[in-house]
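Text of my_file_12.cif, listed as mmCIF, C-alpha atoms:
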```cif
data_run
#
loop_
_atom_site.label_atom_id
_atom_site.label_comp_id
_atom_site.auth_asym_id
_atom_site.auth_seq_id
_atom_site.Cartn_x
_atom_site.Cartn_y
_atom_site.Cartn_z
CA MET A 1 8.74 258.57 87.09
CA PRO A 2 12.00 257.37 88.59
CA GLY A 3 11.95 253.69 89.37
CA ALA A 4 8.74 253.09 87.48
CA GLY A 5 10.75 251.34 84.78
CA ASP A 6 11.26 248.22 86.84
CA GLY A 7 7.59 248.01 87.74
CA GLN A 8 8.28 248.18 91.47
CA PRO A 9 6.92 250.79 93.79
CA VAL A 10 9.77 252.75 95.36
CA SER A 11 9.69 253.82 98.99
CA ALA A 12 11.73 256.77 100.19
CA ASP A 13 11.41 255.92 103.89
CA PHE A 14 14.98 256.20 105.15
CA PHE A 15 15.05 252.92 107.07
CA ASP A 16 13.53 251.10 104.10
CA VAL A 17 16.03 252.70 101.72
CA ALA A 18 18.94 251.67 103.96
CA ARG A 19 17.70 248.08 104.00
CA ARG A 20 17.21 248.01 100.23
CA GLN A 21 20.68 249.34 99.38
CA ARG A 22 22.67 246.75 97.44
CA ALA A 23 25.76 246.88 95.26
CA CYS A 24 24.51 246.76 91.67
CA ARG A 25 26.98 245.58 89.03
CA GLY A 26 24.70 245.06 86.03
CA PHE A 27 22.69 247.83 84.39
CA ARG A 28 20.15 248.36 81.65
CA PRO A 29 21.27 250.86 78.99
CA ASP A 30 18.34 253.26 79.63
CA PRO A 31 19.59 256.79 80.35
CA VAL A 32 19.42 258.62 83.69
CA ASP A 33 18.11 262.15 83.23
CA ASP A 34 19.90 265.28 84.44
CA ASP A 35 17.18 266.28 86.90
CA THR A 36 17.42 262.97 88.70
CA LEU A 37 21.22 263.16 88.75
CA ALA A 38 21.13 266.71 90.10
CA ARG A 39 18.80 265.57 92.89
CA LEU A 40 21.17 262.74 93.77
CA LEU A 41 24.27 264.94 93.72
CA GLU A 42 22.60 267.70 95.74
CA THR A 43 21.72 265.07 98.33
CA ALA A 44 25.32 263.88 98.36
CA THR A 45 26.45 267.39 99.30
CA ARG A 46 24.20 267.31 102.39
CA ALA A 47 26.71 264.97 104.06
CA PRO A 48 28.89 266.28 106.90
CA SER A 49 32.53 267.20 106.30
CA ALA A 50 35.54 268.26 108.32
CA GLU A 51 35.05 271.90 109.32
CA ASN A 52 32.20 271.95 106.77
CA THR A 53 34.87 272.36 104.07
CA GLN A 54 32.81 270.22 101.65
CA PRO A 55 35.93 268.93 99.89
CA TRP A 56 34.01 266.61 97.52
CA VAL A 57 34.16 266.77 93.74
CA PHE A 58 31.81 264.86 91.43
CA VAL A 59 32.76 264.28 87.82
CA VAL A 60 29.75 262.88 85.97
CA VAL A 61 30.89 260.70 83.07
CA ARG A 62 28.38 259.68 80.40
CA HIS A 63 30.52 259.66 77.27
CA PRO A 64 30.82 256.04 76.02
CA GLU A 65 34.54 256.27 75.23
CA ARG A 66 35.40 257.73 78.62
CA ARG A 67 33.27 255.15 80.39
CA ALA A 68 34.98 252.42 78.42
CA ALA A 69 38.38 253.81 79.39
CA ILE A 70 37.42 253.76 83.07
CA GLY A 71 36.08 250.26 82.53
CA ALA A 72 39.41 249.22 81.01
CA LEU A 73 41.25 250.53 84.10
CA THR A 74 38.88 248.56 86.30
CA ALA A 75 39.32 245.35 84.30
CA ARG A 76 43.10 245.80 84.39
CA ALA A 77 43.05 246.25 88.18
CA TRP A 78 40.96 243.08 88.44
CA ASP A 79 43.36 241.13 86.21
CA GLN A 80 46.51 242.43 87.91
CA GLY A 81 45.65 241.59 91.50
CA GLY A 82 41.97 242.10 92.23
CA ARG A 83 40.88 238.60 91.25
CA ALA A 84 43.84 236.97 93.01
CA HIS A 85 43.00 238.94 96.19
CA SER A 86 39.30 238.04 96.12
CA GLU A 87 39.55 234.38 95.12
CA GLY A 88 39.13 232.23 98.19
CA ARG A 89 37.83 235.22 100.16
CA LEU A 90 34.48 235.61 98.43
CA ALA A 91 31.68 233.09 98.06
CA PRO A 92 31.56 231.81 94.45
CA ALA A 93 28.34 233.65 93.57
CA LEU A 94 29.64 236.98 94.89
CA LEU A 95 33.02 236.46 93.21
CA GLU A 96 31.24 235.87 89.90
CA ASP A 97 29.11 239.00 90.34
CA VAL A 98 32.13 241.12 91.27
CA GLU A 99 34.08 239.73 88.29
CA ARG A 100 31.23 240.45 85.87
CA GLY A 101 31.10 243.99 87.24
CA ALA A 102 34.86 244.48 87.06
CA ILE A 103 35.26 243.28 83.49
CA GLY A 104 32.45 245.32 82.04
CA GLY A 105 29.21 245.44 84.01
CA VAL A 106 30.09 248.56 85.99
CA ALA A 107 31.30 250.49 82.94
CA ASP A 108 28.04 249.56 81.18
CA ALA A 109 26.14 251.84 83.55
CA PRO A 110 24.97 254.91 81.62
CA VAL A 111 26.56 257.16 84.24
CA LEU A 112 29.82 256.82 86.15
CA VAL A 113 30.39 259.38 88.88
CA VAL A 114 34.06 259.79 89.75
CA VAL A 115 33.92 261.06 93.34
CA CYS A 116 37.07 262.92 94.39
CA GLY A 117 38.54 264.69 97.38
CA ASP A 118 40.04 268.16 97.15
CA ALA A 119 43.14 268.40 99.35
CA ARG A 120 43.31 272.13 98.68
CA LEU A 121 40.34 272.55 101.05
CA THR A 122 41.36 270.45 104.05
CA VAL A 123 44.11 268.21 105.39
CA ALA A 124 44.59 264.87 103.62
CA ALA A 125 43.53 262.86 106.69
CA ALA A 126 40.15 264.61 106.68
CA LEU A 127 39.30 263.67 103.09
CA GLY A 128 38.12 260.09 103.70
CA PRO A 129 35.82 261.02 106.61
CA SER A 130 34.45 263.86 104.46
CA VAL A 131 34.10 262.21 101.04
CA TYR A 132 32.76 258.73 101.91
CA PRO A 133 29.71 260.00 103.81
CA ALA A 134 28.82 261.99 100.67
CA VAL A 135 29.31 258.85 98.58
CA GLN A 136 26.95 257.00 100.91
CA ASN A 137 24.34 259.75 100.54
CA LEU A 138 24.69 259.41 96.76
CA LEU A 139 24.15 255.64 96.95
CA LEU A 140 21.16 255.98 99.29
CA ALA A 141 19.60 258.66 97.08
CA ALA A 142 20.02 256.38 94.07
CA THR A 143 18.37 253.55 96.00
CA ALA A 144 15.55 255.86 97.08
CA VAL A 145 14.58 256.57 93.45
CA GLY A 146 15.08 252.96 92.32
CA LEU A 147 18.43 253.38 90.59
CA GLY A 148 21.17 250.79 90.95
CA SER A 149 24.53 251.94 92.28
CA ALA A 150 27.73 250.70 93.89
CA LEU A 151 30.77 252.03 95.71
CA THR A 152 33.73 250.82 93.67
CA THR A 153 37.37 251.50 94.45
CA LEU A 154 39.05 249.00 92.10
CA PRO A 155 39.91 251.66 89.44
CA LEU A 156 41.80 253.63 92.14
CA VAL A 157 44.59 251.09 91.71
CA PHE A 158 45.40 253.21 88.66
CA GLY A 159 44.45 256.47 90.33
CA SER A 160 46.70 258.75 88.33
CA GLU A 161 45.39 257.33 85.04
CA LEU A 162 41.84 257.77 86.29
CA ALA A 163 42.67 261.34 87.33
CA ALA A 164 44.04 262.03 83.86
CA LEU A 165 40.88 260.65 82.19
CA VAL A 166 38.70 263.21 83.98
CA GLU A 167 41.38 265.91 83.96
CA LEU A 168 41.70 266.39 87.70
CA PRO A 169 43.91 269.29 88.78
CA GLU A 170 46.79 268.92 91.24
CA GLY A 171 45.47 268.23 94.73
CA VAL A 172 42.23 266.57 93.63
CA THR A 173 42.29 262.77 93.79
CA PRO A 174 39.67 260.09 93.10
CA PHE A 175 38.12 258.28 96.09
CA ALA A 176 35.45 256.17 94.39
CA VAL A 177 33.75 255.43 91.10
CA VAL A 178 29.97 255.13 91.46
CA PRO A 179 28.04 253.58 88.56
CA LEU A 180 24.42 254.72 88.30
CA GLY A 181 21.71 253.19 86.14
CA TRP A 182 18.54 251.16 86.15
CA PRO A 183 19.37 247.74 87.57
CA ALA A 184 19.41 244.75 85.21
CA ARG A 185 17.93 242.49 87.85
CA VAL A 186 15.99 242.63 91.09
CA TYR A 187 18.06 242.32 94.26
CA GLY A 188 16.85 240.75 97.48
CA PRO A 189 17.46 242.36 100.87
CA SER A 190 21.05 242.64 102.08
CA ARG A 191 22.44 240.12 104.56
CA ARG A 192 24.53 241.23 107.49
CA ARG A 193 26.38 239.78 110.47
CA PRO A 194 24.24 240.11 113.61
CA LEU A 195 24.77 243.16 115.82
CA SER A 196 26.12 240.85 118.53
CA ASP A 197 29.20 240.35 116.30
CA THR A 198 30.01 244.01 115.77
CA ALA A 199 28.45 246.10 118.55
CA PHE A 200 29.76 246.09 122.10
CA ARG A 201 28.90 247.76 125.37
CA GLU A 202 31.52 250.03 126.99
CA VAL A 203 34.52 247.95 125.86
CA TYR A 204 35.34 245.69 122.92
CA GLY A 205 34.03 242.16 123.44
CA ALA A 206 31.39 242.95 126.07
CA PRO A 207 28.00 241.74 124.85
CA TRP A 208 25.85 244.48 123.44
CA ALA A 209 22.51 242.89 124.32
CA GLY A 210 21.08 241.61 127.56
CA ALA A 211 23.68 243.21 129.78
CA GLY A 212 21.36 245.85 131.16
CA GLY A 213 22.59 249.42 131.04
CA LEU A 214 23.10 252.56 132.98
CA MET B 1 8.12 258.38 120.88
CA PRO B 2 11.55 259.25 119.53
CA GLY B 3 11.95 262.89 118.78
CA ALA B 4 8.73 263.82 120.53
CA GLY B 5 10.81 265.36 123.31
CA ASP B 6 11.69 268.41 121.29
CA GLY B 7 8.09 268.95 120.27
CA GLN B 8 8.87 268.69 116.57
CA PRO B 9 7.34 266.18 114.21
CA VAL B 10 10.03 263.95 112.75
CA SER B 11 9.94 262.84 109.11
CA ALA B 12 11.76 259.70 107.99
CA ASP B 13 11.61 260.57 104.27
CA PHE B 14 15.18 259.97 103.13
CA PHE B 15 15.61 263.22 101.21
CA ASP B 16 14.16 265.17 104.12
CA VAL B 17 16.43 263.36 106.59
CA ALA B 18 19.48 264.12 104.44
CA ARG B 19 18.57 267.81 104.36
CA ARG B 20 17.97 267.93 108.11
CA GLN B 21 21.29 266.31 109.08
CA ARG B 22 23.44 268.71 111.08
CA ALA B 23 26.45 268.31 113.35
CA CYS B 24 25.09 268.54 116.90
CA ARG B 25 27.58 269.50 119.63
CA GLY B 26 25.27 270.22 122.54
CA PHE B 27 22.96 267.64 124.12
CA ARG B 28 20.29 267.33 126.77
CA PRO B 29 21.09 264.76 129.46
CA ASP B 30 17.98 262.62 128.72
CA PRO B 31 18.94 259.00 128.04
CA VAL B 32 18.72 257.19 124.70
CA ASP B 33 17.10 253.78 125.11
CA ASP B 34 18.63 250.51 123.94
CA ASP B 35 15.91 249.72 121.40
CA THR B 36 16.50 253.02 119.62
CA LEU B 37 20.27 252.48 119.70
CA ALA B 38 19.90 248.96 118.34
CA ARG B 39 17.78 250.28 115.48
CA LEU B 40 20.42 252.91 114.66
CA LEU B 41 23.30 250.43 114.82
CA GLU B 42 21.46 247.84 112.74
CA THR B 43 20.88 250.53 110.13
CA ALA B 44 24.58 251.40 110.21
CA THR B 45 25.42 247.80 109.30
CA ARG B 46 23.29 248.08 106.15
CA ALA B 47 26.04 250.18 104.56
CA PRO B 48 28.18 248.70 101.79
CA SER B 49 31.70 247.46 102.50
CA ALA B 50 34.67 246.11 100.57
CA GLU B 51 33.89 242.53 99.55
CA ASN B 52 30.96 242.74 102.02
CA THR B 53 33.51 242.10 104.80
CA GLN B 54 31.57 244.44 107.16
CA PRO B 55 34.73 245.44 109.02
CA TRP B 56 32.96 247.91 111.33
CA VAL B 57 32.98 247.75 115.10
CA PHE B 58 30.75 249.86 117.35
CA VAL B 59 31.63 250.35 121.00
CA VAL B 60 28.69 252.02 122.74
CA VAL B 61 29.94 254.09 125.67
CA ARG B 62 27.45 255.32 128.27
CA HIS B 63 29.47 255.15 131.47
CA PRO B 64 30.07 258.72 132.73
CA GLU B 65 33.72 258.18 133.64
CA ARG B 66 34.56 256.65 130.26
CA ARG B 67 32.70 259.41 128.44
CA ALA B 68 34.60 261.98 130.47
CA ALA B 69 37.89 260.29 129.60
CA ILE B 70 37.05 260.42 125.89
CA GLY B 71 36.01 264.03 126.39
CA ALA B 72 39.36 264.77 128.01
CA LEU B 73 41.19 263.31 124.99
CA THR B 74 39.07 265.47 122.72
CA ALA B 75 39.74 268.62 124.75
CA ARG B 76 43.46 267.85 124.78
CA ALA B 77 43.49 267.41 120.98
CA TRP B 78 41.69 270.74 120.66
CA ASP B 79 44.19 272.48 122.96
CA GLN B 80 47.24 270.90 121.37
CA GLY B 81 46.60 271.81 117.76
CA GLY B 82 42.91 271.63 116.89
CA ARG B 83 42.11 275.21 117.86
CA ALA B 84 45.24 276.56 116.18
CA HIS B 85 44.33 274.69 113.00
CA SER B 86 40.73 275.91 112.94
CA GLU B 87 41.27 279.52 113.95
CA GLY B 88 41.14 281.70 110.88
CA ARG B 89 39.65 278.82 108.86
CA LEU B 90 36.22 278.76 110.49
CA ALA B 91 33.67 281.52 110.77
CA PRO B 92 33.55 282.82 114.39
CA ALA B 93 30.14 281.27 115.15
CA LEU B 94 31.18 277.83 113.87
CA LEU B 95 34.53 278.04 115.66
CA GLU B 96 32.72 278.80 118.91
CA ASP B 97 30.32 275.87 118.39
CA VAL B 98 33.18 273.49 117.56
CA GLU B 99 35.14 274.69 120.60
CA ARG B 100 32.16 274.25 122.91
CA GLY B 101 31.77 270.72 121.55
CA ALA B 102 35.46 269.89 121.85
CA ILE B 103 35.86 271.06 125.43
CA GLY B 104 32.82 269.27 126.78
CA GLY B 105 29.65 269.44 124.69
CA VAL B 106 30.32 266.27 122.75
CA ALA B 107 31.25 264.23 125.83
CA ASP B 108 28.03 265.45 127.49
CA ALA B 109 26.01 263.34 125.07
CA PRO B 110 24.51 260.39 126.97
CA VAL B 111 25.98 258.00 124.39
CA LEU B 112 29.31 258.04 122.58
CA VAL B 113 29.74 255.44 119.86
CA VAL B 114 33.39 254.71 119.09
CA VAL B 115 33.24 253.46 115.51
CA CYS B 116 36.23 251.32 114.55
CA GLY B 117 37.64 249.42 111.59
CA ASP B 118 38.82 245.84 111.88
CA ALA B 119 41.94 245.31 109.77
CA ARG B 120 41.76 241.58 110.45
CA LEU B 121 38.85 241.43 107.98
CA THR B 122 40.13 243.43 105.02
CA VAL B 123 43.11 245.42 103.77
CA ALA B 124 43.83 248.69 105.56
CA ALA B 125 43.06 250.78 102.46
CA ALA B 126 39.53 249.35 102.37
CA LEU B 127 38.66 250.37 105.93
CA GLY B 128 37.83 254.04 105.29
CA PRO B 129 35.55 253.32 102.32
CA SER B 130 33.85 250.60 104.42
CA VAL B 131 33.55 252.29 107.81
CA TYR B 132 32.56 255.87 106.91
CA PRO B 133 29.45 254.87 104.91
CA ALA B 134 28.31 252.96 108.02
CA VAL B 135 29.00 256.07 110.12
CA GLN B 136 26.89 258.11 107.73
CA ASN B 137 24.04 255.59 108.02
CA LEU B 138 24.30 255.91 111.79
CA LEU B 139 24.11 259.72 111.60
CA LEU B 140 21.17 259.64 109.17
CA ALA B 141 19.32 257.11 111.32
CA ALA B 142 19.84 259.36 114.35
CA THR B 143 18.50 262.31 112.38
CA ALA B 144 15.52 260.26 111.21
CA VAL B 145 14.39 259.65 114.80
CA GLY B 146 15.17 263.20 115.95
CA LEU B 147 18.42 262.48 117.78
CA GLY B 148 21.39 264.83 117.51
CA SER B 149 24.67 263.37 116.29
CA ALA B 150 28.02 264.32 114.78
CA LEU B 151 30.98 262.73 113.06
CA THR B 152 33.98 263.67 115.19
CA THR B 153 37.57 262.68 114.51
CA LEU B 154 39.38 265.01 116.93
CA PRO B 155 39.93 262.29 119.61
CA LEU B 156 41.70 260.17 116.96
CA VAL B 157 44.71 262.45 117.50
CA PHE B 158 45.22 260.26 120.55
CA GLY B 159 44.03 257.10 118.84
CA SER B 160 46.02 254.63 120.91
CA GLU B 161 44.73 256.16 124.16
CA LEU B 162 41.19 256.03 122.81
CA ALA B 163 41.74 252.40 121.78
CA ALA B 164 42.93 251.59 125.29
CA LEU B 165 39.88 253.25 126.87
CA VAL B 166 37.51 250.90 125.02
CA GLU B 167 39.95 247.96 125.11
CA LEU B 168 40.33 247.46 121.37
CA PRO B 169 42.32 244.38 120.37
CA GLU B 170 45.30 244.50 118.00
CA GLY B 171 44.13 245.30 114.46
CA VAL B 172 41.03 247.23 115.48
CA THR B 173 41.43 251.02 115.32
CA PRO B 174 39.04 253.92 115.93
CA PHE B 175 37.75 255.85 112.89
CA ALA B 176 35.22 258.19 114.51
CA VAL B 177 33.50 259.08 117.74
CA VAL B 178 29.78 259.72 117.27
CA PRO B 179 27.90 261.44 120.12
CA LEU B 180 24.19 260.62 120.26
CA GLY B 181 21.56 262.40 122.33
CA TRP B 182 18.59 264.69 122.22
CA PRO B 183 19.76 268.04 120.84
CA ALA B 184 20.01 271.00 123.20
CA ARG B 185 18.82 273.39 120.53
CA VAL B 186 16.96 273.44 117.22
CA TYR B 187 19.17 273.54 114.13
CA GLY B 188 18.21 275.21 110.87
CA PRO B 189 18.76 273.54 107.50
CA SER B 190 22.34 272.93 106.39
CA ARG B 191 24.04 275.30 103.96
CA ARG B 192 26.10 274.02 101.10
CA ARG B 193 28.16 275.29 98.18
CA PRO B 194 26.09 275.15 94.97
CA LEU B 195 26.43 272.06 92.77
CA SER B 196 28.04 274.24 90.11
CA ASP B 197 31.09 274.47 92.43
CA THR B 198 31.55 270.76 92.98
CA ALA B 199 29.89 268.80 90.15
CA PHE B 200 31.31 268.69 86.65
CA ARG B 201 30.41 267.09 83.35
CA GLU B 202 32.86 264.59 81.84
CA VAL B 203 35.99 266.41 83.04
CA TYR B 204 36.93 268.59 86.01
CA GLY B 205 35.96 272.21 85.45
CA ALA B 206 33.34 271.64 82.75
CA PRO B 207 30.04 273.15 83.88
CA TRP B 208 27.60 270.61 85.19
CA ALA B 209 24.43 272.47 84.21
CA GLY B 210 23.24 273.88 80.93
CA ALA B 211 25.78 272.09 78.76
CA GLY B 212 23.28 269.65 77.31
CA GLY B 213 24.26 266.02 77.43
CA LEU B 214 24.47 262.79 75.55
#
```

Once more with this new file: its structure as structure tokens, please.
Amino acid sequence: MPGAGDGQPVSADFFDVARRQRACRGFRPDPVDDDTLARLLETATRAPSAENTQPWVFVVVRHPERRAAIGALTARAWDQGGRAHSEGRLAPALLEDVERGAIGGVADAPVLVVVCGDARLTVAAALGPSVYPAVQNLLLAATAVGLGSALTTLPLVFGSELAALVELPEGVTPFAVVPLGWPARVYGPSRRRPLSDTAFREVYGAPWAGAGGL
Amino acid sequence: MPGAGDGQPVSADFFDVARRQRACRGFRPDPVDDDTLARLLETATRAPSAENTQPWVFVVVRHPERRAAIGALTARAWDQGGRAHSEGRLAPALLEDVERGAIGGVADAPVLVVVCGDARLTVAAALGPSVYPAVQNLLLAATAVGLGSALTTLPLVFGSELAALVELPEGVTPFAVVPLGWPARVYGPSRRRPLSDTAFREVYGAPWAGAGGL
């Protein structure tokens, strides 16, 4: 039973799943079966897309050498700019977690899904708004069954090398690498800025709450 | 009770919500209350973001004149290129639905959420991967409570005019306009290309299913 491995009951209530979603950067080696993966990928394809063109592509990587090669790209991107960018921006504990993920933890996941956009199906500007909602569905579906996951973009720094590793044709480019596996540790609930910081009424800066409404 | 208005029971099971999500472009005028909106927006902020910078901004527009102004931008974008682009690409029924939405249906929603990215919080390249997952959470949350919604980008053709309408400061730019309201009609389940078209094993083009695995 998915999720039973960590001894925790898993709820599939959408609002609960959304609250439980966390970036997981450390995985147990236990495999993820094809049926579970197919369920997750099918759910990803339920996302909306520009003109319903569905320009997403999922390359499911399990082979240890290919995962290691993607991991090496990620570690290189971290060494050649990622760490320097994040130092001083991230709290020490998060920086340490991100670093552990970048230099090996992410590639240790038994499955890496290279999520791509296919520019042969729609205009380039429509790819992000079409591919990232599908990525989010994939992450939520993973959370719903108790799998750990994350949206990583660090390996895109070497996008053409990543494309070569999974043999993408002309016009198909990587948008994210999503590790999937059983989480190595239990995560607490996510923390977020309050809505008063990010939601406004009618115009930017006008308080969302307590202002009445139409 | 949310969703009770259309007489249909509403399930919040994540996989069911994902399957029910459809782009809604026609709305009833009934209002959407603040508590429901706050729940949807709070759920949107549960999405992942680059370095957990949470660079999303939600401007909730209810005022009829401002909604009409956003609707006018959308209709202009449709007239000045949108229709020409979509004609011949979309099936007649979908083209008609998109056109009805573009020339007024979307702006008829009682709420338009202008979802923006704040480049003061992260690098520009990280905004799409950070904002669109939050948009998808917003759409799924709407679906979970029975509200209609859609991810529209057509008004972004006139992004600086849209920014002016909701008084965005320098560095904050619109990424989507999401109409929210009770749907004018019942939608059937979404249709998608089969996984065999979009999911591959190890490298692009290698059949996902039936190839065994590691």

Residues matched by the PyMOL selection byres ((chain A and resi 173-188) around 7) as an NGL selection string: :A and (24 or 26-28 or 30 or 32 or 106 or 109-118 or 147-153 or 156 or 159 or 163 or 171-172 or 189-190)

Distance in Å - CA of Pro169 in chain A versus CA of Thr122 in chain A: 15.5 Å

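CA of Arg62 in chain A sits 15.5 Å away from CA of Leu40 in chain A.
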
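Among B:Thr43, B:Asp197, B:Asn52, B:Ala72, the residue with the shortest atom-to-atom distance to Leu90 in chain A, counting all atoms listed in the file, is B:Asn52.
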
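Of the residues listed (A:Asp33, A:Asp79, A:Glu202, A:Glu99), A:Glu202 shows the shortest atom-to-atom separation from chain B; distances use all atoms listed in the file.
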
Separation of CA of Val57 in chain B from CA of Pro129 in chain A, in Å and rounded to one decimal: 16.0 Å

Residue members of the PyMOL selection byres ((chain A and resi 38) around 12) in the file shown, as a PyMOL selection string: (chain A and resi 32-37+39-45+58+60+113+138+141-142) or (chain B and resi 194-196+198-201+208-210)

Selected residue of minimal separation from chain A among B:Leu95, B:Ala125, B:Ala50, B:Val61, counting all atoms listed in the file: B:Val61

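The residue that comes closest to Val10 in chain B, out of B:Pro207, B:Ala144, B:Val131, B:Phe158 and on the basis of only C-alpha atoms, is B:Ala144.
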
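For the set A:Leu162, A:Arg20, A:Gln136, A:Arg25, the residue with the smallest atom-to-atom gap to chain B is A:Gln136, counting only C-alpha atoms.
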
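Of the listed residues B:Arg193, B:Ala124, B:Pro31, B:Asn137, the one whose atoms come nearest to His63 in chain B is B:Pro31, with distances taken using only C-alpha atoms.
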
I'd like the neighbourhood of Gly81 in chain B as a PDB file with C-alpha atoms, in the coordinates of the input, where a residue qualifies if any of its atoms comes within 12 Å (using all atoms listed in the file), though same-chain residues fewer than 4 positions away should be ignored.
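File written: selection-v3.pdb
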```
ATOM      1  CA  THR B  74      39.070 265.470 122.720  1.00  0.00           C
ATOM      2  CA  ALA B  75      39.740 268.620 124.750  1.00  0.00           C
ATOM      3  CA  ARG B  76      43.460 267.850 124.780  1.00  0.00           C
ATOM      4  CA  ALA B  77      43.490 267.410 120.980  1.00  0.00           C
ATOM      5  CA  HIS B  85      44.330 274.690 113.000  1.00  0.00           C
ATOM      6  CA  SER B  86      40.730 275.910 112.940  1.00  0.00           C
ATOM      7  CA  GLU B  87      41.270 279.520 113.950  1.00  0.00           C
ATOM      8  CA  LEU B 154      39.380 265.010 116.930  1.00  0.00           C
ATOM      9  CA  PRO B 155      39.930 262.290 119.610  1.00  0.00           C
ATOM     10  CA  VAL B 157      44.710 262.450 117.500  1.00  0.00           C
ATOM     11  CA  PHE B 158      45.220 260.260 120.550  1.00  0.00           C
TER      12      PHE B 158
END
```

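Within 6 Å of the point (38.4, 257.4, 82.7) in file coordinates, and counting all atoms listed in the file, lie the residues Arg66, Ala69, Ile70, Leu162, Leu165 and Val166 of chain A.
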
Shell around Gln54 in chain B at 8 Å using only C-alpha atoms, local window under 5 positions removed, as a ChimeraX atom specification: /A:192-193 /B:45,48-49,121,130

Please produce an output containing C-alpha atoms for each residue in the selection, written as a PDB file, in the frame of the given file.
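Saved to selection15.pdb:
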```
ATOM      1  CA  ARG A 192      24.530 241.230 107.490  1.00  0.00           C
ATOM      2  CA  ARG A 193      26.380 239.780 110.470  1.00  0.00           C
TER       3      ARG A 193
ATOM      4  CA  THR B  45      25.420 247.800 109.300  1.00  0.00           C
ATOM      5  CA  PRO B  48      28.180 248.700 101.790  1.00  0.00           C
ATOM      6  CA  SER B  49      31.700 247.460 102.500  1.00  0.00           C
ATOM      7  CA  LEU B 121      38.850 241.430 107.980  1.00  0.00           C
ATOM      8  CA  SER B 130      33.850 250.600 104.420  1.00  0.00           C
TER       9      SER B 130
END
```
